[in-house]
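A short write-up of the structure that comes next.
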Amino acid sequence: MSTRRMLQRQIMPLDRDFDVLALYVDPEEARLDADKYEVGGNRAAKDLNNAAVRQSTSTGKSLHPDQIESRTALRVPQGEKLSFGTYFNAFPASYWRRWTVVDAVRLSVTLRGEGATLLVYKSMARGHAQRVDSAETSGSGAQTFTFDLTLKPFIDGGWYWYDVVAGDGDVVVESAEWTAEVPEDRAQHGTTDIAITTMNRPDFCAELLVQLGEAEELHPFLDTVMVMEQGTDKVTGSEHFARAEELLGSTLTVLEQGNLGGSGGYARGQLESVRRGSATYSLMMDDDVVCEPEGIIRAVTFADLAKRPTIVGGHMFNIYSRSRLHSFGEIVQPWKFWWESPKDTFPDWDFAARNLRSARWLHKRVDVDFNGWFMCLIPRVVLEEVGLSLPLFLKWDDSEFGLRARAHGFPTVTLPGAAVWHVPWTDKNDAVDWQSYLHQRNRFVAALLHSTYPNGGRMVRESRNHQIAHLVSMQYSTVEMRHQALLDVLSGPAHLHQRLPETLTYVNGIRKPFQDAKLEVDRDAFPPVRREKPPRKGRDSAEVPSRVSQLVSAGLQPLRQLKKPRDLSREFPEAEVRAMDAKWYRLASYDSAIVSMNDGTSAAFYQRDPEKFRELLSKTLKLHEQLKKEWPRLAQEYRAALGDITSPETWERTLSPWMGADE
């Protein structure tokens with residue numbers, strides 16, 4: 001027995017948001033880039049092709065927001081052609097083919113207007129478009145056209161989509177739905193808890209709650225919306241919260257607890273979801289996102305029809321430049337154990353500049369190791385089997401969970417058409433601020449748990465090199481925090497839960513004595529720039545040196561650190577260095593500098609200290625040798641403790657000071 005179920009429907013942007021129109025409907029033609037196999041392996045040719053792929057194909061055509069007639073309807077003006085082969089309205093056939101029980105879909109499109117043409121296309125993994133079918137309207141009334149489409153050819157990639165051409169008058173695309181015959185036991189949709197961790201972002205969080213509440217079509221899919229409040233400026237104090245309560249009613253609950261970071265907040269949501277046992281899924285979502293509610297419905301639907309319990313995540317778009325996609329998928333590169341986009345993808349992709357149909361690489365299915373918890377749907381059965389989040393405070397909790405779930409046979413899929421808008425990582429400065437401790441410690445913890453290479457592959461060597469780069473950059477506080485991170489890793493897994501409630505105080509205590517960690521918002525808090533000697537031949541230090549020059553600079557740094565700093569640099573900075581230019585090879589040429597932070601809010605006064613350099617370098621070399629030597633023992637210890645660390649019972653003990661108050 002089977003029944004028909006909707007997989008995806010045509011949608012238009014909420015509030016007729018012009019900035020995101022390119023993600024929903026496209027007036028541009030497709031101009032496909034070159035096939036890399038035709039380009040060949042010549043380095044110059046590859047570099048040229050990679051640059052060409054980034055070039056805009058936009059001609060400046062645009063739609064007027066008034067063409068959007070409703071959440072599901074769009075008007076196409078007389079004589080114009082619009083494509084729905086876009087991020088939110090094309091059908092990601094290869095993902096459904098690979099991961100779900102669906103083997104065929106039906107496209108139903110309703111048009112109103114005489115003389116309109118409907119064209120159905122598909123693409124293959126190489127990006128080539130093929131016309132599948134077409135239809136024409138025969139009158140001015142509404143007509144519905146259906147097309148039965150197989151998923152067989154999409155093993156490596158590819159999409160389905162449709163274009164609409166208006167005839168002698170305007171045509172309204174009233175609706176479009178992608179449906180499939182599914183087994184009877186998959187007919188009913190599951191429900192999800194939404195777990196939102198927040199700290200001192202009351203308005204942002206409350207506005208997200210309002211957005212979820214206003215999406216009435218989403219309500220049947222919601223079990224509970226939980227806000228884990230960990231701040232002092234509470235979401236309940238926002239002027240928008242009353243509206244959120246009105247819209248979500250008893251579905252909304254706010255749980256107050258100490259600042260346990262993102263992992264502590266999400267673990268609380270996961271624990272509550274497991275304990276209640278009523279929702280099929282638990283959805284992790286950041287508090288500082290703008291959500292496309294339809295993406296949640298699509299994620300639930302996809303997970304309902306997955307062949308096995310599957311984590312379904314969404315993509316992240318740039319909240320400041322809303323047509324730009326941060327990454328089409330994330331993996332953990334196993335040899336150096338670092339998260340990244342797959343090598344055959346292009347991060348920070350602007351769909352307004354080069355549309356889906358013009359980008360060959362977007363037609364390949366991208367398989368991932370994990371999905372960020374800015375939007376990530378986890379089946380409750382997965383939480384029950386593999387455990388909850390690691391108590392890492394921030395960083396690597398989502399990626400470690402994806403690797404752990406995969407080891408238990410539960411894949412992660414990052415589903416096109418499910419997304420949020422979020423502050424991009426490039427606008428943050430967490431590689432050198434207090435979060436550098438968490439980057440270092442948590443990456444090593446995750447590698448000890450999951451690396452398949454002896455001694456973590458390149459991990460230890462790369463970490464040592466990064467330490468030296470921070471040292472020559474005069475970032476001594478960062479080096480010391482990363483040292484302490486390694487010492488805590490060497491102490492064993494017991495510290496993870498023990499230290500969680502005091503993480504922020506603990507880390508800030510490590511960095512507080514260092515001058516490079518003392519941030520000022522006012523540039524006039526620092527002395528003016530003065531140098532004993534002008535730059536040699538007036539050279540501009542903003543130039544990017546060649547690879548050879550960088551290697552020479554790295555080789556000379558040990559000798560430079562034996563020299564006494566220039567006297568004037570003890571009182572005055574020798575330069576002001578913008579955050580974007582604060583690379584090691586540039587900072588290493590100064591004895592002092594004012595360095596701004598990536599978020600643009602503050603700056604610090606860096607000063608070279610040869611004695612501190614030698615002290616920290618010695619510590620770096622000894623620590624990394626110790627870590628390499630003890631890696632096998634540590635890996636065994638962390639892996640043996642994993643089940644207990646992530647168990648609901650252990651988390652209940654950690655959360656007990658706050659859980660009792662909510663019962």
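Residue names in the structure tokens use chain letters A, B, ... in the order shown, residue numbers from 1 in each chain, and ligand numbers from 1 in the order shown.
Residues lying within 8 Å of Ser263 of chain A, counting only C-alpha atoms and ignoring same-chain neighbours fewer than 4 positions away, are A:Ala267, A:Ser389, A:Leu390, A:Pro391, A:Leu392, A:Phe393, A:Leu394, A:Asp397.
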Note to self: For segment 197-210 of chain A, find every residue with an atom within 10 Å (counting only C-alpha atoms), except residues of its own chain fewer than 4 positions away, and show them as a PyMOL selection string.
What the structure shows: chain A and resi 214-215+225-248+252+255-256+258-269+284-291+374
Preceding selection exported with N, CA and C atoms as a short mmCIF file (atom, residue, chain, number, x, y, z; two decimals), in the first residue's frame:
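Saved the output as out-v8.cif:
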data_model
loop_
_atom_site.label_atom_id
_atom_site.label_comp_id
_atom_site.auth_asym_id
_atom_site.auth_seq_id
_atom_site.Cartn_x
_atom_site.Cartn_y
_atom_site.Cartn_z
N GLU A 214 4.66 32.92 13.08
CA GLU A 214 3.85 33.46 11.99
C GLU A 214 3.70 32.47 10.84
N ALA A 215 4.57 31.47 10.76
CA ALA A 215 4.49 30.46 9.69
C ALA A 215 3.48 29.39 10.10
N VAL A 225 8.98 24.30 21.06
CA VAL A 225 10.04 25.24 20.75
C VAL A 225 10.68 25.62 22.08
N MET A 226 11.91 25.14 22.29
CA MET A 226 12.61 25.36 23.56
C MET A 226 13.70 26.42 23.38
N VAL A 227 13.69 27.40 24.24
CA VAL A 227 14.75 28.40 24.27
C VAL A 227 15.57 28.17 25.53
N MET A 228 16.84 27.83 25.36
CA MET A 228 17.75 27.68 26.49
C MET A 228 18.39 29.03 26.77
N GLU A 229 17.86 29.71 27.77
CA GLU A 229 18.30 31.06 28.11
C GLU A 229 19.50 30.99 29.04
N GLN A 230 20.66 31.49 28.56
CA GLN A 230 21.89 31.41 29.34
C GLN A 230 22.48 32.79 29.63
N GLY A 231 21.74 33.84 29.34
CA GLY A 231 22.28 35.18 29.50
C GLY A 231 21.61 35.95 30.62
N THR A 232 22.04 37.20 30.75
CA THR A 232 21.45 38.11 31.74
C THR A 232 20.47 39.08 31.10
N ASP A 233 20.64 39.35 29.80
CA ASP A 233 19.69 40.16 29.05
C ASP A 233 18.74 39.19 28.36
N LYS A 234 17.63 38.92 29.00
CA LYS A 234 16.82 37.74 28.66
C LYS A 234 15.84 37.99 27.51
N VAL A 235 15.58 36.90 26.78
CA VAL A 235 14.66 36.98 25.65
C VAL A 235 13.27 37.40 26.10
N THR A 236 12.90 37.03 27.32
CA THR A 236 11.56 37.39 27.83
C THR A 236 11.43 38.90 28.01
N GLY A 237 12.56 39.61 28.05
CA GLY A 237 12.50 41.06 28.19
C GLY A 237 12.41 41.80 26.88
N SER A 238 12.46 41.10 25.77
CA SER A 238 12.37 41.75 24.46
C SER A 238 10.95 42.23 24.20
N GLU A 239 10.83 43.35 23.50
CA GLU A 239 9.52 43.88 23.15
C GLU A 239 8.77 42.95 22.19
N HIS A 240 9.50 42.02 21.54
CA HIS A 240 8.87 41.11 20.58
C HIS A 240 8.40 39.81 21.24
N PHE A 241 8.79 39.58 22.49
CA PHE A 241 8.52 38.27 23.08
C PHE A 241 7.03 38.02 23.30
N ALA A 242 6.28 39.05 23.67
CA ALA A 242 4.84 38.86 23.89
C ALA A 242 4.17 38.36 22.62
N ARG A 243 4.58 38.91 21.47
CA ARG A 243 4.03 38.46 20.20
C ARG A 243 4.40 37.00 19.93
N ALA A 244 5.64 36.61 20.26
CA ALA A 244 6.07 35.22 20.09
C ALA A 244 5.21 34.29 20.96
N GLU A 245 4.97 34.67 22.20
CA GLU A 245 4.13 33.87 23.09
C GLU A 245 2.72 33.73 22.53
N GLU A 246 2.20 34.82 22.00
CA GLU A 246 0.84 34.80 21.45
C GLU A 246 0.75 33.84 20.27
N LEU A 247 1.76 33.84 19.42
CA LEU A 247 1.74 33.00 18.21
C LEU A 247 2.01 31.54 18.51
N LEU A 248 2.96 31.25 19.41
CA LEU A 248 3.38 29.88 19.64
C LEU A 248 2.64 29.22 20.81
N LEU A 252 5.78 27.00 23.11
CA LEU A 252 7.00 27.70 23.49
C LEU A 252 7.31 27.51 24.97
N LEU A 255 13.79 27.85 29.09
CA LEU A 255 14.49 27.15 30.16
C LEU A 255 15.74 27.94 30.51
N GLU A 256 15.81 28.46 31.72
CA GLU A 256 16.96 29.27 32.14
C GLU A 256 18.01 28.38 32.80
N GLY A 258 22.72 28.31 33.63
CA GLY A 258 23.99 29.01 33.58
C GLY A 258 24.57 28.99 32.18
N ASN A 259 25.60 29.79 31.99
CA ASN A 259 26.23 29.86 30.68
C ASN A 259 27.11 28.63 30.46
N LEU A 260 26.55 27.65 29.75
CA LEU A 260 27.27 26.41 29.44
C LEU A 260 27.66 26.35 27.97
N GLY A 261 27.61 27.52 27.32
CA GLY A 261 27.98 27.57 25.91
C GLY A 261 26.93 26.93 25.01
N GLY A 262 27.24 26.92 23.72
CA GLY A 262 26.31 26.33 22.77
C GLY A 262 26.08 24.86 23.03
N SER A 263 27.17 24.13 23.33
CA SER A 263 27.02 22.68 23.52
C SER A 263 26.18 22.38 24.76
N GLY A 264 26.33 23.20 25.82
CA GLY A 264 25.52 23.00 27.02
C GLY A 264 24.06 23.33 26.79
N GLY A 265 23.82 24.35 25.97
CA GLY A 265 22.44 24.70 25.64
C GLY A 265 21.79 23.65 24.76
N TYR A 266 22.50 23.24 23.71
CA TYR A 266 21.93 22.24 22.81
C TYR A 266 21.77 20.89 23.52
N ALA A 267 22.72 20.54 24.38
CA ALA A 267 22.58 19.29 25.13
C ALA A 267 21.33 19.31 26.00
N ARG A 268 21.03 20.49 26.58
CA ARG A 268 19.81 20.60 27.38
C ARG A 268 18.58 20.35 26.50
N GLY A 269 18.56 20.96 25.33
CA GLY A 269 17.44 20.72 24.41
C GLY A 269 17.35 19.27 23.99
N MET A 284 18.39 21.61 16.10
CA MET A 284 19.27 22.61 16.67
C MET A 284 19.22 23.86 15.80
N MET A 285 19.05 25.03 16.43
CA MET A 285 18.99 26.27 15.66
C MET A 285 19.60 27.41 16.47
N ASP A 286 20.46 28.20 15.81
CA ASP A 286 21.07 29.35 16.47
C ASP A 286 20.03 30.43 16.74
N ASP A 287 20.35 31.30 17.71
CA ASP A 287 19.42 32.38 18.07
C ASP A 287 19.56 33.59 17.16
N ASP A 288 20.67 33.69 16.42
CA ASP A 288 20.93 34.89 15.61
C ASP A 288 20.78 34.60 14.12
N VAL A 289 19.73 33.88 13.76
CA VAL A 289 19.49 33.56 12.35
C VAL A 289 18.15 34.13 11.92
N VAL A 290 18.03 34.31 10.61
CA VAL A 290 16.74 34.53 9.97
C VAL A 290 16.41 33.24 9.24
N CYS A 291 15.25 32.72 9.49
CA CYS A 291 14.91 31.37 9.03
C CYS A 291 13.98 31.41 7.83
N PHE A 374 23.63 25.61 13.39
CA PHE A 374 22.81 26.79 13.13
C PHE A 374 21.44 26.35 12.62
#
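Between atom CA of Arg131 of chain A and atom CA of Arg357 of chain A the interatomic distance comes to 13.0 Å.
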Next item on the list: Find the residues near Asp433 of chain A: any atom within 12 Å, counting only C-alpha atoms, skip ones fewer than 4 places away on the same chain, and give them as an MDAnalysis selection string.
Entry: chainID A and resid 428:429 437:440 470 475:482 504 507:508 510:512 514 516:519 596:599 602:604
Kindly export the residues of the current selection with N, CA and C atoms, as a compact mmCIF listing (two decimals), in the first residue's frame.
# COMPACT_ATOMS: atom_id res chain seq x y z
N LYS A 428 34.08 37.09 12.11
CA LYS A 428 34.40 36.83 13.50
C LYS A 428 35.92 36.71 13.66
N ASN A 429 36.39 36.76 14.90
CA ASN A 429 37.82 36.79 15.16
C ASN A 429 38.21 35.68 16.13
N TYR A 437 41.24 29.03 22.58
CA TYR A 437 41.38 27.90 23.52
C TYR A 437 40.45 26.76 23.11
N LEU A 438 39.20 27.11 22.80
CA LEU A 438 38.21 26.09 22.47
C LEU A 438 38.50 25.45 21.12
N HIS A 439 38.93 26.25 20.15
CA HIS A 439 39.32 25.68 18.86
C HIS A 439 40.40 24.61 19.05
N GLN A 440 41.41 24.93 19.85
CA GLN A 440 42.53 24.02 20.03
C GLN A 440 42.13 22.78 20.82
N HIS A 470 51.65 32.24 15.54
CA HIS A 470 51.11 33.19 16.52
C HIS A 470 52.23 33.88 17.29
N GLN A 475 51.19 37.41 19.18
CA GLN A 475 49.91 37.04 19.79
C GLN A 475 50.18 36.06 20.94
N TYR A 476 50.80 36.57 21.98
CA TYR A 476 51.26 35.71 23.07
C TYR A 476 50.09 35.15 23.90
N SER A 477 49.02 35.92 24.02
CA SER A 477 47.87 35.40 24.78
C SER A 477 47.25 34.21 24.06
N THR A 478 47.20 34.29 22.75
CA THR A 478 46.65 33.17 21.98
C THR A 478 47.50 31.92 22.17
N VAL A 479 48.81 32.09 22.13
CA VAL A 479 49.72 30.96 22.33
C VAL A 479 49.51 30.34 23.71
N GLU A 480 49.39 31.17 24.73
CA GLU A 480 49.24 30.66 26.09
C GLU A 480 47.90 29.93 26.26
N MET A 481 46.84 30.46 25.66
CA MET A 481 45.55 29.77 25.73
C MET A 481 45.60 28.42 25.02
N ARG A 482 46.27 28.39 23.90
CA ARG A 482 46.39 27.12 23.18
C ARG A 482 47.27 26.14 23.92
N LEU A 504 34.14 30.24 30.51
CA LEU A 504 34.43 31.61 30.09
C LEU A 504 35.36 32.30 31.10
N VAL A 507 38.98 30.71 30.83
CA VAL A 507 39.77 31.09 29.66
C VAL A 507 40.16 32.56 29.73
N ASN A 508 39.25 33.42 30.14
CA ASN A 508 39.59 34.84 30.24
C ASN A 508 40.66 35.08 31.29
N ILE A 510 43.20 33.15 31.77
CA ILE A 510 44.48 32.80 31.13
C ILE A 510 45.01 33.98 30.31
N ARG A 511 44.13 34.66 29.58
CA ARG A 511 44.57 35.68 28.63
C ARG A 511 44.70 37.07 29.25
N LYS A 512 44.10 37.27 30.42
CA LYS A 512 44.03 38.61 31.00
C LYS A 512 45.37 39.30 31.18
N PHE A 514 47.99 39.40 29.42
CA PHE A 514 48.75 39.70 28.20
C PHE A 514 48.25 41.00 27.56
N ASP A 516 48.44 41.92 24.40
CA ASP A 516 47.76 41.76 23.11
C ASP A 516 46.30 41.36 23.26
N ALA A 517 45.87 41.00 24.49
CA ALA A 517 44.48 40.65 24.74
C ALA A 517 43.68 41.82 25.28
N LYS A 518 44.33 42.96 25.50
CA LYS A 518 43.64 44.13 26.05
C LYS A 518 43.10 44.96 24.90
N LEU A 519 41.81 44.85 24.67
CA LEU A 519 41.17 45.50 23.53
C LEU A 519 40.63 46.87 23.91
N SER A 596 43.70 45.66 14.48
CA SER A 596 42.25 45.68 14.68
C SER A 596 41.69 44.27 14.62
N MET A 597 40.52 44.09 15.21
CA MET A 597 39.85 42.80 15.25
C MET A 597 38.91 42.63 14.06
N ASN A 598 38.62 41.38 13.70
CA ASN A 598 37.81 41.09 12.51
C ASN A 598 36.41 41.67 12.59
N ASP A 599 35.86 41.77 13.78
CA ASP A 599 34.49 42.26 13.88
C ASP A 599 34.40 43.77 13.79
N SER A 602 37.09 46.80 17.78
CA SER A 602 38.16 47.10 18.72
C SER A 602 39.51 46.80 18.09
N ALA A 603 40.56 47.14 18.85
CA ALA A 603 41.94 46.89 18.41
C ALA A 603 42.81 46.64 19.63
N ALA A 604 44.01 46.10 19.39
CA ALA A 604 44.95 45.81 20.47
C ALA A 604 46.34 46.31 20.08
Next item on the list: Skip Leu383 of chain A itself and residues of its chain fewer than 4 positions away, then list as a list in words all residues within 9 Å of it, counting only C-alpha atoms.
Entry: Gln270, Leu271, Val274, Ser282, Ile378, Pro379, Gly387, Leu388, Ser389 and Ala405 of chain A
Output for the residues just chosen: N, CA and C atoms as a PDB file, in the first residue's frame:
ATOM      1  N   GLN A 270      18.489  18.647  23.694  1.00  0.00           N
ATOM      2  CA  GLN A 270      18.500  17.236  23.307  1.00  0.00           C
ATOM      3  C   GLN A 270      18.006  16.358  24.448  1.00  0.00           C
ATOM      4  N   LEU A 271      18.465  16.666  25.658  1.00  0.00           N
ATOM      5  CA  LEU A 271      18.047  15.893  26.824  1.00  0.00           C
ATOM      6  C   LEU A 271      16.549  16.004  27.051  1.00  0.00           C
ATOM      7  N   VAL A 274      14.726  13.937  24.437  1.00  0.00           N
ATOM      8  CA  VAL A 274      14.793  12.502  24.709  1.00  0.00           C
ATOM      9  C   VAL A 274      13.893  12.141  25.891  1.00  0.00           C
ATOM     10  N   SER A 282      14.790  16.401  16.904  1.00  0.00           N
ATOM     11  CA  SER A 282      15.193  17.578  17.664  1.00  0.00           C
ATOM     12  C   SER A 282      16.017  18.453  16.721  1.00  0.00           C
ATOM     13  N   ILE A 378      17.995  16.380  14.023  1.00  0.00           N
ATOM     14  CA  ILE A 378      18.549  15.105  14.467  1.00  0.00           C
ATOM     15  C   ILE A 378      17.412  14.186  14.910  1.00  0.00           C
ATOM     16  N   PRO A 379      17.274  13.005  14.320  1.00  0.00           N
ATOM     17  CA  PRO A 379      16.241  12.070  14.783  1.00  0.00           C
ATOM     18  C   PRO A 379      16.452  11.716  16.259  1.00  0.00           C
ATOM     19  N   GLY A 387      24.079   9.161  21.955  1.00  0.00           N
ATOM     20  CA  GLY A 387      24.299  10.100  23.038  1.00  0.00           C
ATOM     21  C   GLY A 387      24.064  11.534  22.624  1.00  0.00           C
ATOM     22  N   LEU A 388      24.266  12.444  23.588  1.00  0.00           N
ATOM     23  CA  LEU A 388      24.032  13.861  23.373  1.00  0.00           C
ATOM     24  C   LEU A 388      25.341  14.545  22.981  1.00  0.00           C
ATOM     25  N   SER A 389      25.306  15.857  22.933  1.00  0.00           N
ATOM     26  CA  SER A 389      26.499  16.633  22.574  1.00  0.00           C
ATOM     27  C   SER A 389      27.637  16.391  23.550  1.00  0.00           C
ATOM     28  N   ALA A 405      27.887  10.037  14.850  1.00  0.00           N
ATOM     29  CA  ALA A 405      26.680   9.442  14.286  1.00  0.00           C
ATOM     30  C   ALA A 405      27.007   8.569  13.078  1.00  0.00           C
TER      31      ALA A 405
END
Margin query: Set the distance at 9 Å and use only C-alpha atoms: which residues neighbour Met474 of chain A once local chain neighbours fewer than 2 positions away are removed? I'd like the list as an NGL selection string.
Written below: :A and (469-472 or 476-477 or 516 or 584 or 587-588 or 591-592 or 606-609 or 613)
Keeping only C-alpha atoms, write those residues as a JSON list (two decimals), in the first residue's frame.
[["chain", "number", "residue", "atom", "x", "y", "z"],
["A", 469, "ALA", "CA", 52.99, 31.64, 13.58],
["A", 470, "HIS", "CA", 51.11, 33.19, 16.52],
["A", 471, "LEU", "CA", 54.40, 33.76, 18.34],
["A", 472, "VAL", "CA", 56.03, 35.69, 15.49],
["A", 476, "TYR", "CA", 51.26, 35.71, 23.07],
["A", 477, "SER", "CA", 47.87, 35.40, 24.78],
["A", 516, "ASP", "CA", 47.76, 41.76, 23.11],
["A", 584, "TRP", "CA", 51.95, 36.32, 10.34],
["A", 587, "LEU", "CA", 53.12, 41.23, 11.70],
["A", 588, "ALA", "CA", 56.49, 39.47, 12.01],
["A", 591, "ASP", "CA", 58.39, 45.25, 16.81],
["A", 592, "SER", "CA", 54.97, 46.72, 17.68],
["A", 606, "TYR", "CA", 50.95, 44.19, 20.00],
["A", 607, "GLN", "CA", 54.59, 44.39, 21.15],
["A", 608, "ARG", "CA", 57.41, 41.96, 20.40],
["A", 609, "ASP", "CA", 58.91, 40.37, 23.51],
["A", 613, "PHE", "CA", 58.91, 34.34, 22.68]]
Margin query: I need the alpha helix (DSSP H) residues of segment 47-203 of chain A per DSSP on the backbone, written as a PyMOL selection string.
Written below: chain A and resi 47-54+93-99+202-203
Prev. selection, N, CA and C atoms, output as a PDB file, in the first residue's frame:
ATOM      1  N   ASP A  47      43.904  27.456 -13.057  1.00  0.00           N
ATOM      2  CA  ASP A  47      43.755  28.728 -12.342  1.00  0.00           C
ATOM      3  C   ASP A  47      42.833  29.673 -13.109  1.00  0.00           C
ATOM      4  N   LEU A  48      42.999  29.702 -14.416  1.00  0.00           N
ATOM      5  CA  LEU A  48      42.160  30.561 -15.246  1.00  0.00           C
ATOM      6  C   LEU A  48      40.704  30.119 -15.184  1.00  0.00           C
ATOM      7  N   ASN A  49      40.488  28.801 -15.215  1.00  0.00           N
ATOM      8  CA  ASN A  49      39.119  28.290 -15.173  1.00  0.00           C
ATOM      9  C   ASN A  49      38.465  28.564 -13.820  1.00  0.00           C
ATOM     10  N   ASN A  50      39.217  28.388 -12.736  1.00  0.00           N
ATOM     11  CA  ASN A  50      38.660  28.656 -11.413  1.00  0.00           C
ATOM     12  C   ASN A  50      38.269  30.122 -11.263  1.00  0.00           C
ATOM     13  N   ALA A  51      39.057  31.005 -11.868  1.00  0.00           N
ATOM     14  CA  ALA A  51      38.706  32.427 -11.843  1.00  0.00           C
ATOM     15  C   ALA A  51      37.462  32.687 -12.679  1.00  0.00           C
ATOM     16  N   ALA A  52      37.359  32.001 -13.832  1.00  0.00           N
ATOM     17  CA  ALA A  52      36.207  32.193 -14.706  1.00  0.00           C
ATOM     18  C   ALA A  52      34.916  31.708 -14.047  1.00  0.00           C
ATOM     19  N   VAL A  53      35.021  30.629 -13.269  1.00  0.00           N
ATOM     20  CA  VAL A  53      33.845  30.104 -12.584  1.00  0.00           C
ATOM     21  C   VAL A  53      33.249  31.147 -11.646  1.00  0.00           C
ATOM     22  N   ARG A  54      34.103  31.974 -11.060  1.00  0.00           N
ATOM     23  CA  ARG A  54      33.657  33.004 -10.119  1.00  0.00           C
ATOM     24  C   ARG A  54      33.072  34.235 -10.817  1.00  0.00           C
ATOM     25  N   ALA A  93      17.051  16.485  -7.062  1.00  0.00           N
ATOM     26  CA  ALA A  93      16.712  15.094  -7.357  1.00  0.00           C
ATOM     27  C   ALA A  93      17.762  14.111  -6.855  1.00  0.00           C
ATOM     28  N   SER A  94      19.039  14.460  -6.976  1.00  0.00           N
ATOM     29  CA  SER A  94      20.086  13.503  -6.617  1.00  0.00           C
ATOM     30  C   SER A  94      20.084  13.182  -5.121  1.00  0.00           C
ATOM     31  N   TYR A  95      19.714  14.157  -4.294  1.00  0.00           N
ATOM     32  CA  TYR A  95      19.670  13.922  -2.844  1.00  0.00           C
ATOM     33  C   TYR A  95      18.531  12.969  -2.491  1.00  0.00           C
ATOM     34  N   TRP A  96      17.379  13.170  -3.131  1.00  0.00           N
ATOM     35  CA  TRP A  96      16.258  12.254  -2.897  1.00  0.00           C
ATOM     36  C   TRP A  96      16.562  10.862  -3.440  1.00  0.00           C
ATOM     37  N   ARG A  97      17.249  10.816  -4.575  1.00  0.00           N
ATOM     38  CA  ARG A  97      17.616   9.524  -5.180  1.00  0.00           C
ATOM     39  C   ARG A  97      18.575   8.743  -4.273  1.00  0.00           C
ATOM     40  N   ARG A  98      19.548   9.427  -3.674  1.00  0.00           N
ATOM     41  CA  ARG A  98      20.588   8.756  -2.899  1.00  0.00           C
ATOM     42  C   ARG A  98      20.115   8.342  -1.508  1.00  0.00           C
ATOM     43  N   TRP A  99      19.348   9.184  -0.837  1.00  0.00           N
ATOM     44  CA  TRP A  99      19.148   8.994   0.591  1.00  0.00           C
ATOM     45  C   TRP A  99      17.743   8.566   1.011  1.00  0.00           C
ATOM     46  N   PRO A 202      18.397  39.185  23.040  1.00  0.00           N
ATOM     47  CA  PRO A 202      16.949  39.053  23.261  1.00  0.00           C
ATOM     48  C   PRO A 202      16.110  39.381  22.039  1.00  0.00           C
ATOM     49  N   ASP A 203      16.422  40.486  21.353  1.00  0.00           N
ATOM     50  CA  ASP A 203      15.588  40.872  20.220  1.00  0.00           C
ATOM     51  C   ASP A 203      15.772  39.916  19.047  1.00  0.00           C
TER      52      ASP A 203
END
Next item on the list: Please provide as a PyMOL selection string all residues within 12 Å of segment 66-81 of chain A, with the sequence filter that same-chain residues fewer than 3 positions apart are discarded (counting only C-alpha atoms).
Entry: chain A and resi 8-18+21+24-29+61-63+84+88-89+109-119+162-177+215+217+292-294
Item checked: Contact residues around Thr412 of chain A with only C-alpha atoms at 9 Å, ignoring same-chain residues under 3 positions, as a ChimeraX atom specification -> /A:310-313,367-371,402,405-406
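Among the candidate residues A:Lys364, A:Lys307, A:Arg43, A:Arg5, the one lying nearest to Gly127 of chain A is A:Lys364, with distances computed using only C-alpha atoms.
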Check: A:Arg275, A:Arg4, A:His326, A:His363: which is nearest Phe91 of chain A, counting only C-alpha atoms?
Finding: A:His363
Check: What does the distance between atom CA of Val182 of chain A and atom CA of Met124 of chain A come to in Å, to one decimal place?
Finding: 24.4 Å
Notebook entry, point to check: If you run DSSP on the backbone, which residues of segment 1-159 of chain A are strand (DSSP E or B), as an MDAnalysis selection string?
Noted result: chainID A and resid 2:9 26 68 74:76 81:83 91 100 104:112 117:123 129:136 142:150 157
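Each of A:Leu356, A:Val489, A:Val366, A:Val386 was compared to Ser647 of chain A using only C-alpha atoms, and A:Val386 turns out to be the nearest.
Ranking A:Trp434, A:Pro416, A:Glu637, A:Ala525 by their shortest atom-to-atom distance to Thr505 of chain A, with only C-alpha atoms included, puts A:Trp434 first.
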Check: How many Å separate atom CA of Gly158 of chain A from atom CA of Ala125 of chain A?
Finding: 4.9 Å
Next item on the list: Between A:His422, A:Pro513, A:Ala575, A:Phe444, single out the one closest to Trp631 of chain A, counting only C-alpha atoms.
Entry: A:Phe444
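Each of A:Phe317, A:Arg380, A:Phe346, A:Glu652 was checked against Tyr281 of chain A using only C-alpha atoms; the smallest atom-to-atom distance is that of A:Arg380.
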